[in-house]
2 protein chains.
Amino acid sequence: MTGLRERKKAETRAALGWAAIHLTAERGYDNVRVEDIAEAVGVSPRTFNNYFSSKAEAIASRHLDRSLRTAAALRERPADEPLWVALTQAALEQLTRGPEVEAMPSPGHAQWVAGVRTMLAEPALQGERLRATAVAEAELAAAVAERTGTDLATDMYPRLVAAAASAAVAVAMQHYLDSADPPAPIDRLITDAFSQVAAGLPAPSH
Amino acid sequence: MTGLRERKKAETRAALGWAAIHLTAERGYDNVRVEDIAEAVGVSPRTFNNYFSSKAEAIASRHLDRSLRTAAALRERPADEPLWVALTQAALEQLTRGPEVEAMPSPGHAQWVAGVRTMLAEPALQGERLRATAVAEAELAAAVAERTGTDLATDMYPRLVAAAASAAVAVAMQHYLDSADPPAPIDRLITDAFSQVAAGLPAPSH
DNA sequence: CGCATATTTGCGTGTCCCGCAAATAGTGCT
DNA sequence: AGCACTATTTGCGGGACACGCAAATATGCG
């Protein structure tokens, strides 16, 4: 059952993660103290560290949640769907609600995007972000093993698939953020990345 | 030219990274203070932070160097060699000198391996390690772009290849470390991982 | 040899992260 | 509702880290 206790805890966690991201995007990573984040949520600084073991972890927490949902989404896909189709769809589903960009009011949209970009450039965050990806990747590998009837303990296959899929998403995202003004729609980039990977990334003929 | 100055700097850097790894492997990450590492190398604690901006970065520094060498190695491969063969070979070359395991005297070998395993499990290090991988991946992507005549700015292809190759190495390594007593030789695992990736990771027929 | 430039060092500061124990808040039972 | 039980929050204190700054030291070069 979902007691008040659990819900409140989840809410606090989400609020802290959210606040951490917002403050960082607008002020820059090291102009935000843990104290600020805690205050923004109305909680003591000590409590912050009950939820997250570092500022960076808090900021990466939403990325982690989103990545974990991909693994869950894969498990929901029909079992007879071809693996790479299912993976692509599972990845695409996580975008329907869109990255955190969506939730922002359009007025300061440009500033927000710029802030996020700066945030993602912060070395201290990159590591934590990648770690979150790795954690989710393990989940994804488990789901792949289940679906393909392979064995996590003896076969590299499920981990390779999970890693390749994560990479496809990451590269598509990076390409999306880096590319200039009228970027290709993210859906297309992701679909494209997955199909290239599933094709074995052959060297372009020349 | 390689002045005395530069060489000494490189040596200090390597010594610090090396000492950081050794101490961490034998005592555990948070039983090692920066002061200890500095002292082991005969340098002031403040100097440590002139070379590395964190303890974790120092520990990951050798991994970074090794990963960067893979990109350099790819550039050395004959231009007419098929891409995936070249990539596989470039990755394999980095193992000839072996991971840091090699340099250890055989007596405490088992303890050393155990220590490394524990070290790699440390969350604080995983992030930094992954970040190093990402940095090297960018180099690798550039090398791939060069070799295949693709454009980093407009094509996802080189980044996808670099990411897939990094993933192949990482998964093979992980498999090697995780698997039990008589593990398959690492060379075989890497070769195998690369060929699976280059084959597009098709779902196993069943 | 001695000047110009890098590098190392010591010191001070602000922050972080966590252990611990007291206070507070929800949960379940009668 | 009342009450005991467990989970969570909070304040306090400590140890360590990372870095700016300026003085001291080492290196390279004419």
# chains A, B, ... in the order shown; residues from 1 in each chain; ligands from 1
>>> interface_residues(of="chain C", to="chain A", cutoff="9 Å", atoms="only C-alpha atoms (C1' of nucleotides)", output="PyMOL selection string")
chain C and resi 15-18+26-27
>>> write_last_selection(atoms="C-alpha atoms (C1' of nucleotides)", output="PDB file, in the first residue's frame")
ATOM      1  C1'  DT C  15      31.942  23.657   1.835  1.00  0.00           C
ATOM      2  C1'  DC C  16      30.779  19.142   2.029  1.00  0.00           C
ATOM      3  C1'  DC C  17      29.395  14.630   3.943  1.00  0.00           C
ATOM      4  C1'  DC C  18      28.497  11.818   7.582  1.00  0.00           C
ATOM      5  C1'  DG C  26       3.426   8.582  10.920  1.00  0.00           C
ATOM      6  C1'  DT C  27       1.436   3.789  11.782  1.00  0.00           C
TER       7       DT C  27
END
>>> residues_around(residues="DT5 (chain C)", least_positions_apart="4", cutoff="12 Å", atoms="only C-alpha atoms (C1' of nucleotides)", output="PyMOL selection string")
(chain B and resi 5) or (chain D and resi 26-29)
>>> write_last_selection(atoms="N, CA and C atoms (P, O5', C5', C4', C3', O3' and C1' of nucleotides)", output="compact mmCIF listing (two decimals), in the first residue's frame")
# COMPACT_ATOMS: atom_id res chain seq x y z
N ARG B 5 62.01 19.62 -17.20
CA ARG B 5 60.82 20.11 -16.52
C ARG B 5 59.58 19.26 -16.84
P DA D 26 65.05 24.31 -3.90
O5' DA D 26 64.72 24.04 -5.44
C5' DA D 26 63.60 23.25 -5.77
C4' DA D 26 63.30 23.40 -7.25
C3' DA D 26 64.49 23.07 -8.16
O3' DA D 26 64.03 22.21 -9.17
C1' DA D 26 63.62 25.19 -8.70
P DT D 27 65.06 21.43 -10.09
O5' DT D 27 64.94 22.19 -11.48
C5' DT D 27 63.68 22.18 -12.15
C4' DT D 27 63.70 23.20 -13.26
C3' DT D 27 64.83 23.01 -14.28
O3' DT D 27 64.21 22.72 -15.52
C1' DT D 27 64.54 25.29 -13.68
P DG D 28 64.98 22.26 -16.78
O5' DG D 28 65.06 23.61 -17.60
C5' DG D 28 63.86 24.24 -18.05
C4' DG D 28 64.20 25.53 -18.76
C3' DG D 28 65.30 25.41 -19.83
O3' DG D 28 64.91 26.22 -20.94
C1' DG D 28 65.94 27.02 -18.24
P DC D 29 65.72 26.19 -22.32
O5' DC D 29 65.72 27.74 -22.72
C5' DC D 29 65.48 28.72 -21.70
C4' DC D 29 66.25 29.98 -21.97
C3' DC D 29 67.30 29.90 -23.09
O3' DC D 29 67.39 31.17 -23.72
C1' DC D 29 68.40 30.36 -21.07
>>> closest_residue(among="A:Val171, A:Ala162, A:Ala121, A:Ala184", to="Ala141 (chain A)", atoms="only C-alpha atoms")
A:Ala162
>>> residues_around(residues="DT9 (chain D)", least_positions_apart="3", cutoff="9 Å", atoms="only C-alpha atoms (C1' of nucleotides)", output="ChimeraX atom specification")
/A:43-44,46-47 /C:23-25
>>> write_last_selection(atoms="C-alpha atoms (C1' of nucleotides)", output="short mmCIF file (atom, residue, chain, number, x, y, z; two decimals), in the first residue's frame")
data_model
loop_
_atom_site.label_atom_id
_atom_site.label_comp_id
_atom_site.auth_asym_id
_atom_site.auth_seq_id
_atom_site.Cartn_x
_atom_site.Cartn_y
_atom_site.Cartn_z
CA VAL A 43 13.83 21.00 4.86
CA SER A 44 16.98 20.98 6.93
CA ARG A 46 21.00 17.54 7.15
CA THR A 47 17.93 15.98 5.63
"C1'" DA C 23 13.14 15.42 18.93
"C1'" DT C 24 9.25 14.78 16.00
"C1'" DA C 25 5.83 12.48 13.10
#
>>> calpha_fit_and_write(fixed="chain A", moving="chain B", output="short mmCIF file (atom, residue, chain, number, x, y, z; two decimals) with C-alpha atoms, in the first residue's frame")
data_model
loop_
_atom_site.label_atom_id
_atom_site.label_comp_id
_atom_site.auth_asym_id
_atom_site.auth_seq_id
_atom_site.Cartn_x
_atom_site.Cartn_y
_atom_site.Cartn_z
CA MET B 1 0.23 -0.14 -0.02
CA THR B 2 1.27 3.42 -0.59
CA GLY B 3 1.13 4.96 2.83
CA LEU B 4 1.29 8.66 3.38
CA ARG B 5 4.77 8.13 4.66
CA GLU B 6 6.15 6.65 1.48
CA ARG B 7 4.46 9.15 -0.75
CA LYS B 8 5.79 12.06 1.21
CA LYS B 9 9.25 10.63 1.07
CA ALA B 10 9.08 10.25 -2.68
CA GLU B 11 7.78 13.76 -3.03
CA THR B 12 10.56 15.20 -0.94
CA ARG B 13 13.10 13.33 -2.93
CA ALA B 14 11.70 14.54 -6.21
CA ALA B 15 11.41 18.09 -4.93
CA LEU B 16 15.03 18.08 -3.81
CA GLY B 17 16.23 16.74 -7.12
CA TRP B 18 14.11 19.19 -8.98
CA ALA B 19 15.24 22.15 -6.91
CA ALA B 20 18.85 21.13 -7.30
CA ILE B 21 18.48 21.13 -11.06
CA HIS B 22 16.66 24.41 -11.24
CA LEU B 23 19.03 26.29 -9.03
CA THR B 24 22.05 24.84 -10.78
CA ALA B 25 20.72 25.68 -14.21
CA GLU B 26 20.10 29.26 -13.31
CA ARG B 27 23.05 30.04 -11.07
CA GLY B 28 25.73 27.55 -11.99
CA TYR B 29 26.85 24.51 -10.08
CA ASP B 30 29.10 26.06 -7.52
CA ASN B 31 26.95 29.02 -6.83
CA VAL B 32 24.45 26.67 -5.30
CA ARG B 33 25.01 25.43 -1.78
CA VAL B 34 23.32 22.43 -0.32
CA GLU B 35 21.77 24.83 2.12
CA ASP B 36 20.03 26.64 -0.76
CA ILE B 37 18.51 23.48 -2.13
CA ALA B 38 17.28 22.40 1.27
CA GLU B 39 15.82 25.79 1.92
CA ALA B 40 14.03 25.84 -1.44
CA VAL B 41 12.25 22.67 -0.43
CA GLY B 42 11.69 23.68 3.15
CA VAL B 43 13.79 21.06 4.78
CA SER B 44 16.95 21.06 6.84
CA PRO B 45 20.34 20.77 5.17
CA ARG B 46 20.96 17.62 7.11
CA THR B 47 17.89 16.06 5.60
CA PHE B 48 19.20 16.70 2.14
CA ASN B 49 21.99 14.27 2.85
CA ASN B 50 19.54 11.70 4.11
CA TYR B 51 18.19 11.53 0.58
CA PHE B 52 21.30 12.09 -1.47
CA SER B 53 24.89 11.47 -0.61
CA SER B 54 26.03 14.40 -2.68
CA LYS B 55 24.85 17.47 -4.49
CA ALA B 56 25.78 15.84 -7.77
CA GLU B 57 23.70 12.80 -6.99
CA ALA B 58 20.67 14.94 -6.38
CA ILE B 59 21.07 16.64 -9.72
CA ALA B 60 21.50 13.34 -11.50
CA SER B 61 18.59 11.71 -9.71
CA ARG B 62 16.00 12.59 -12.29
CA HIS B 63 18.22 11.29 -15.03
CA LEU B 64 18.53 8.08 -13.08
CA ASP B 65 14.79 7.75 -12.67
CA ARG B 66 14.21 8.34 -16.33
CA SER B 67 16.85 5.85 -17.33
CA LEU B 68 15.43 3.23 -15.03
CA ARG B 69 12.05 3.70 -16.62
CA THR B 70 13.51 2.61 -19.93
CA ALA B 71 14.26 -0.81 -18.50
CA ALA B 72 10.77 -1.00 -17.04
CA ALA B 73 9.33 0.07 -20.38
CA LEU B 74 11.17 -2.70 -22.16
CA ARG B 75 9.54 -5.23 -19.89
CA GLU B 76 6.15 -3.84 -20.88
CA ARG B 77 6.70 -4.26 -24.59
CA PRO B 78 4.97 -7.25 -26.21
CA ALA B 79 7.15 -10.32 -25.99
CA ASP B 80 6.89 -11.11 -29.68
CA GLU B 81 8.14 -7.71 -30.78
CA PRO B 82 11.64 -7.92 -32.27
CA LEU B 83 14.27 -6.95 -29.72
CA TRP B 84 15.59 -3.83 -31.40
CA VAL B 85 12.15 -2.53 -32.16
CA ALA B 86 11.19 -3.00 -28.54
CA LEU B 87 14.33 -1.25 -27.37
CA THR B 88 13.79 1.67 -29.68
CA GLN B 89 10.21 2.06 -28.56
CA ALA B 90 11.12 1.75 -24.90
CA ALA B 91 13.64 4.54 -25.34
CA LEU B 92 11.24 6.72 -27.29
CA GLU B 93 8.54 6.37 -24.66
CA GLN B 94 10.72 8.12 -22.13
CA LEU B 95 10.65 11.24 -24.24
CA THR B 96 6.91 11.55 -24.61
CA ARG B 97 6.79 13.41 -21.36
CA GLY B 98 9.97 15.01 -22.58
CA PRO B 99 13.13 15.90 -20.73
CA GLU B 100 12.81 18.36 -17.91
CA VAL B 101 12.84 21.10 -20.52
CA GLU B 102 9.12 20.62 -21.03
CA ALA B 103 8.06 21.62 -17.58
CA MET B 104 9.54 25.05 -17.95
CA PRO B 105 7.43 28.05 -18.86
CA SER B 106 8.20 29.25 -22.35
CA PRO B 107 9.27 32.79 -21.34
CA GLY B 108 12.73 31.96 -20.14
CA HIS B 109 13.04 28.95 -22.38
CA ALA B 110 16.23 30.02 -24.10
CA GLN B 111 17.94 30.79 -20.81
CA TRP B 112 16.77 27.51 -19.42
CA VAL B 113 18.28 25.56 -22.27
CA ALA B 114 21.50 27.48 -21.95
CA GLY B 115 21.53 26.78 -18.25
CA VAL B 116 21.04 23.09 -18.80
CA ARG B 117 23.82 23.04 -21.33
CA THR B 118 26.17 24.72 -18.87
CA MET B 119 25.06 22.32 -16.20
CA LEU B 120 25.79 19.28 -18.34
CA ALA B 121 29.25 20.64 -19.03
CA GLU B 122 30.13 20.55 -15.35
CA PRO B 123 32.72 17.80 -14.84
CA ALA B 124 31.51 17.00 -11.37
CA LEU B 125 28.07 16.24 -12.76
CA GLN B 126 29.13 14.28 -15.79
CA GLY B 127 30.57 11.56 -13.64
CA GLU B 128 27.47 11.23 -11.53
CA ARG B 129 25.29 11.27 -14.58
CA LEU B 130 27.28 8.54 -16.22
CA ARG B 131 27.12 6.53 -13.07
CA ALA B 132 23.36 6.79 -13.11
CA THR B 133 23.38 5.63 -16.69
CA ALA B 134 25.47 2.65 -15.68
CA VAL B 135 23.10 1.71 -12.89
CA ALA B 136 20.16 1.85 -15.24
CA GLU B 137 22.15 -0.09 -17.80
CA ALA B 138 22.40 -2.98 -15.41
CA GLU B 139 18.63 -3.04 -15.07
CA LEU B 140 18.27 -2.86 -18.80
CA ALA B 141 20.68 -5.73 -19.24
CA ALA B 142 18.61 -7.83 -16.88
CA ALA B 143 15.48 -7.05 -18.84
CA VAL B 144 17.23 -7.93 -22.09
CA ALA B 145 18.47 -11.19 -20.65
CA GLU B 146 14.95 -12.05 -19.61
CA ARG B 147 13.48 -11.20 -22.96
CA THR B 148 16.08 -13.01 -25.03
CA GLY B 149 16.51 -15.99 -22.78
CA THR B 150 20.19 -15.33 -22.32
CA ASP B 151 22.15 -15.59 -19.11
CA LEU B 152 23.61 -12.52 -17.45
CA ALA B 153 26.21 -14.57 -15.66
CA THR B 154 27.66 -16.35 -18.64
CA ASP B 155 26.78 -14.32 -21.75
CA MET B 156 28.11 -10.91 -22.59
CA TYR B 157 25.21 -10.51 -24.97
CA PRO B 158 22.63 -8.83 -22.75
CA ARG B 159 25.14 -6.39 -21.34
CA LEU B 160 26.40 -5.56 -24.79
CA VAL B 161 22.88 -4.88 -25.96
CA ALA B 162 22.13 -2.72 -22.94
CA ALA B 163 25.35 -0.80 -23.36
CA ALA B 164 24.80 -0.28 -27.06
CA ALA B 165 21.26 0.90 -26.45
CA SER B 166 22.37 3.33 -23.74
CA ALA B 167 25.04 4.58 -26.06
CA ALA B 168 22.55 5.12 -28.85
CA VAL B 169 20.35 7.23 -26.62
CA ALA B 170 23.28 9.17 -25.23
CA VAL B 171 24.72 9.95 -28.62
CA ALA B 172 21.35 11.01 -29.99
CA MET B 173 20.84 13.30 -27.01
CA GLN B 174 24.26 14.78 -27.33
CA HIS B 175 23.75 15.34 -31.03
CA TYR B 176 20.44 16.98 -30.32
CA LEU B 177 21.86 19.36 -27.76
CA ASP B 178 24.97 20.16 -29.75
CA SER B 179 23.39 20.70 -33.12
CA ALA B 180 22.36 24.18 -34.08
CA ASP B 181 19.10 25.98 -34.48
CA PRO B 182 16.63 23.80 -36.30
CA PRO B 183 17.72 20.49 -34.89
CA ALA B 184 16.37 17.28 -36.23
CA PRO B 185 13.54 16.05 -34.00
CA ILE B 186 14.88 13.96 -31.18
CA ASP B 187 12.61 11.06 -32.06
CA ARG B 188 14.16 10.78 -35.46
CA LEU B 189 17.67 10.95 -34.06
CA ILE B 190 17.01 8.19 -31.59
CA THR B 191 15.34 5.97 -34.13
CA ASP B 192 18.20 6.59 -36.49
CA ALA B 193 20.83 5.85 -33.86
CA PHE B 194 19.18 2.58 -32.92
CA SER B 195 18.89 1.41 -36.49
CA GLN B 196 22.53 2.18 -37.15
CA VAL B 197 23.56 0.20 -34.09
CA ALA B 198 21.28 -2.68 -35.00
CA ALA B 199 22.85 -2.68 -38.45
CA GLY B 200 26.29 -3.22 -36.95
CA LEU B 201 27.59 0.28 -37.69
CA PRO B 202 29.18 -0.63 -41.01
CA ALA B 203 31.75 1.77 -42.36
CA PRO B 204 30.15 4.06 -44.92
CA SER B 205 30.97 3.04 -48.45
CA HIS B 206 33.08 5.52 -50.32
#
>>> residues_around(residues="DA22 (chain D)", least_positions_apart="3", cutoff="12 Å", atoms="only C-alpha atoms (C1' of nucleotides)", output="list in words")
DT9, DG10, DC11 and DG12 of chain C
>>> write_last_selection(atoms="N, CA and C atoms (P, O5', C5', C4', C3', O3' and C1' of nucleotides)", output="PDB file, in the first residue's frame")
ATOM      1  P    DT C   9      56.384  20.284  -2.977  1.00  0.00           P
ATOM      2  O5'  DT C   9      55.964  21.409  -1.930  1.00  0.00           O
ATOM      3  C5'  DT C   9      56.937  22.366  -1.512  1.00  0.00           C
ATOM      4  C4'  DT C   9      56.292  23.488  -0.714  1.00  0.00           C
ATOM      5  C3'  DT C   9      55.257  23.047   0.338  1.00  0.00           C
ATOM      6  O3'  DT C   9      55.795  23.280   1.624  1.00  0.00           O
ATOM      7  C1'  DT C   9      54.572  25.001  -0.850  1.00  0.00           C
ATOM      8  P    DG C  10      55.108  22.686   2.921  1.00  0.00           P
ATOM      9  O5'  DG C  10      54.373  23.985   3.492  1.00  0.00           O
ATOM     10  C5'  DG C  10      55.102  25.195   3.601  1.00  0.00           C
ATOM     11  C4'  DG C  10      54.209  26.309   4.124  1.00  0.00           C
ATOM     12  C3'  DG C  10      53.215  25.908   5.211  1.00  0.00           C
ATOM     13  O3'  DG C  10      53.201  26.950   6.193  1.00  0.00           O
ATOM     14  C1'  DG C  10      52.037  26.810   3.355  1.00  0.00           C
ATOM     15  P    DC C  11      52.352  26.830   7.499  1.00  0.00           P
ATOM     16  O5'  DC C  11      51.106  27.761   7.139  1.00  0.00           O
ATOM     17  C5'  DC C  11      51.327  29.049   6.572  1.00  0.00           C
ATOM     18  C4'  DC C  11      49.987  29.695   6.242  1.00  0.00           C
ATOM     19  C3'  DC C  11      48.859  29.338   7.219  1.00  0.00           C
ATOM     20  O3'  DC C  11      48.227  30.525   7.634  1.00  0.00           O
ATOM     21  C1'  DC C  11      48.166  28.978   4.992  1.00  0.00           C
ATOM     22  P    DG C  12      47.205  30.586   8.829  1.00  0.00           P
ATOM     23  O5'  DG C  12      45.878  31.063   8.098  1.00  0.00           O
ATOM     24  C5'  DG C  12      45.951  32.047   7.062  1.00  0.00           C
ATOM     25  C4'  DG C  12      44.643  32.081   6.316  1.00  0.00           C
ATOM     26  C3'  DG C  12      43.420  31.782   7.186  1.00  0.00           C
ATOM     27  O3'  DG C  12      42.407  32.736   6.899  1.00  0.00           O
ATOM     28  C1'  DG C  12      43.484  30.274   5.357  1.00  0.00           C
TER      29       DG C  12
END
>>> interface_residues(of="chain D", to="chain A", cutoff="9 Å", atoms="only C-alpha atoms (C1' of nucleotides)", output="ChimeraX atom specification")
/D:7,9-11
>>> write_last_selection(atoms="N, CA and C atoms (P, O5', C5', C4', C3', O3' and C1' of nucleotides)", output="short mmCIF file (atom, residue, chain, number, x, y, z; two decimals), in the first residue's frame")
data_model
loop_
_atom_site.label_atom_id
_atom_site.label_comp_id
_atom_site.auth_asym_id
_atom_site.auth_seq_id
_atom_site.Cartn_x
_atom_site.Cartn_y
_atom_site.Cartn_z
P DA D 7 11.35 0.78 11.32
"O5'" DA D 7 11.12 2.13 10.49
"C5'" DA D 7 9.85 2.41 9.92
"C4'" DA D 7 9.79 3.89 9.54
"C3'" DA D 7 11.03 4.41 8.82
"O3'" DA D 7 10.59 5.18 7.72
"C1'" DA D 7 10.60 5.71 10.77
P DT D 9 12.50 12.46 6.16
"O5'" DT D 9 12.77 13.43 7.40
"C5'" DT D 9 11.67 14.10 8.00
"C4'" DT D 9 12.19 14.95 9.14
"C3'" DT D 9 13.27 15.97 8.75
"O3'" DT D 9 12.81 17.25 9.16
"C1'" DT D 9 13.96 14.70 10.64
P DT D 10 13.58 18.54 8.63
"O5'" DT D 10 14.55 18.83 9.86
"C5'" DT D 10 14.00 18.92 11.17
"C4'" DT D 10 15.09 18.94 12.22
"C3'" DT D 10 16.29 19.83 11.88
"O3'" DT D 10 16.32 20.92 12.78
"C1'" DT D 10 16.95 17.73 12.85
P DG D 11 17.21 22.18 12.56
"O5'" DG D 11 18.37 21.93 13.63
"C5'" DG D 11 18.02 21.67 14.98
"C4'" DG D 11 19.25 21.37 15.81
"C3'" DG D 11 20.46 22.26 15.54
"O3'" DG D 11 21.03 22.61 16.80
"C1'" DG D 11 21.05 19.97 15.21
#
>>> residues_around(residues="DA4 (chain D)", least_positions_apart="2", cutoff="10 Å", atoms="only C-alpha atoms (C1' of nucleotides)", output="mmCIF file with C-alpha atoms (C1' of nucleotides), in the first residue's frame")
data_model
loop_
_atom_site.group_PDB
_atom_site.id
_atom_site.type_symbol
_atom_site.label_atom_id
_atom_site.label_comp_id
_atom_site.auth_asym_id
_atom_site.auth_seq_id
_atom_site.Cartn_x
_atom_site.Cartn_y
_atom_site.Cartn_z
ATOM 1 C "C1'" DG C 28 -1.032 0.002 13.833
ATOM 2 C "C1'" DC C 29 -3.439 -2.035 17.706
ATOM 3 C "C1'" DG D 2 -5.235 6.735 23.077
ATOM 4 C "C1'" DT D 6 9.062 2.539 14.403
#
>>> atom_distance(atom1="C1' of DC17 (chain D)", atom2="C1' of DT8 (chain C)")
19.3 Å
>>> select_by_dssp(residues="region 23-188 of chain A", states="helix (DSSP H, G or I)", output="count of residues only")
127
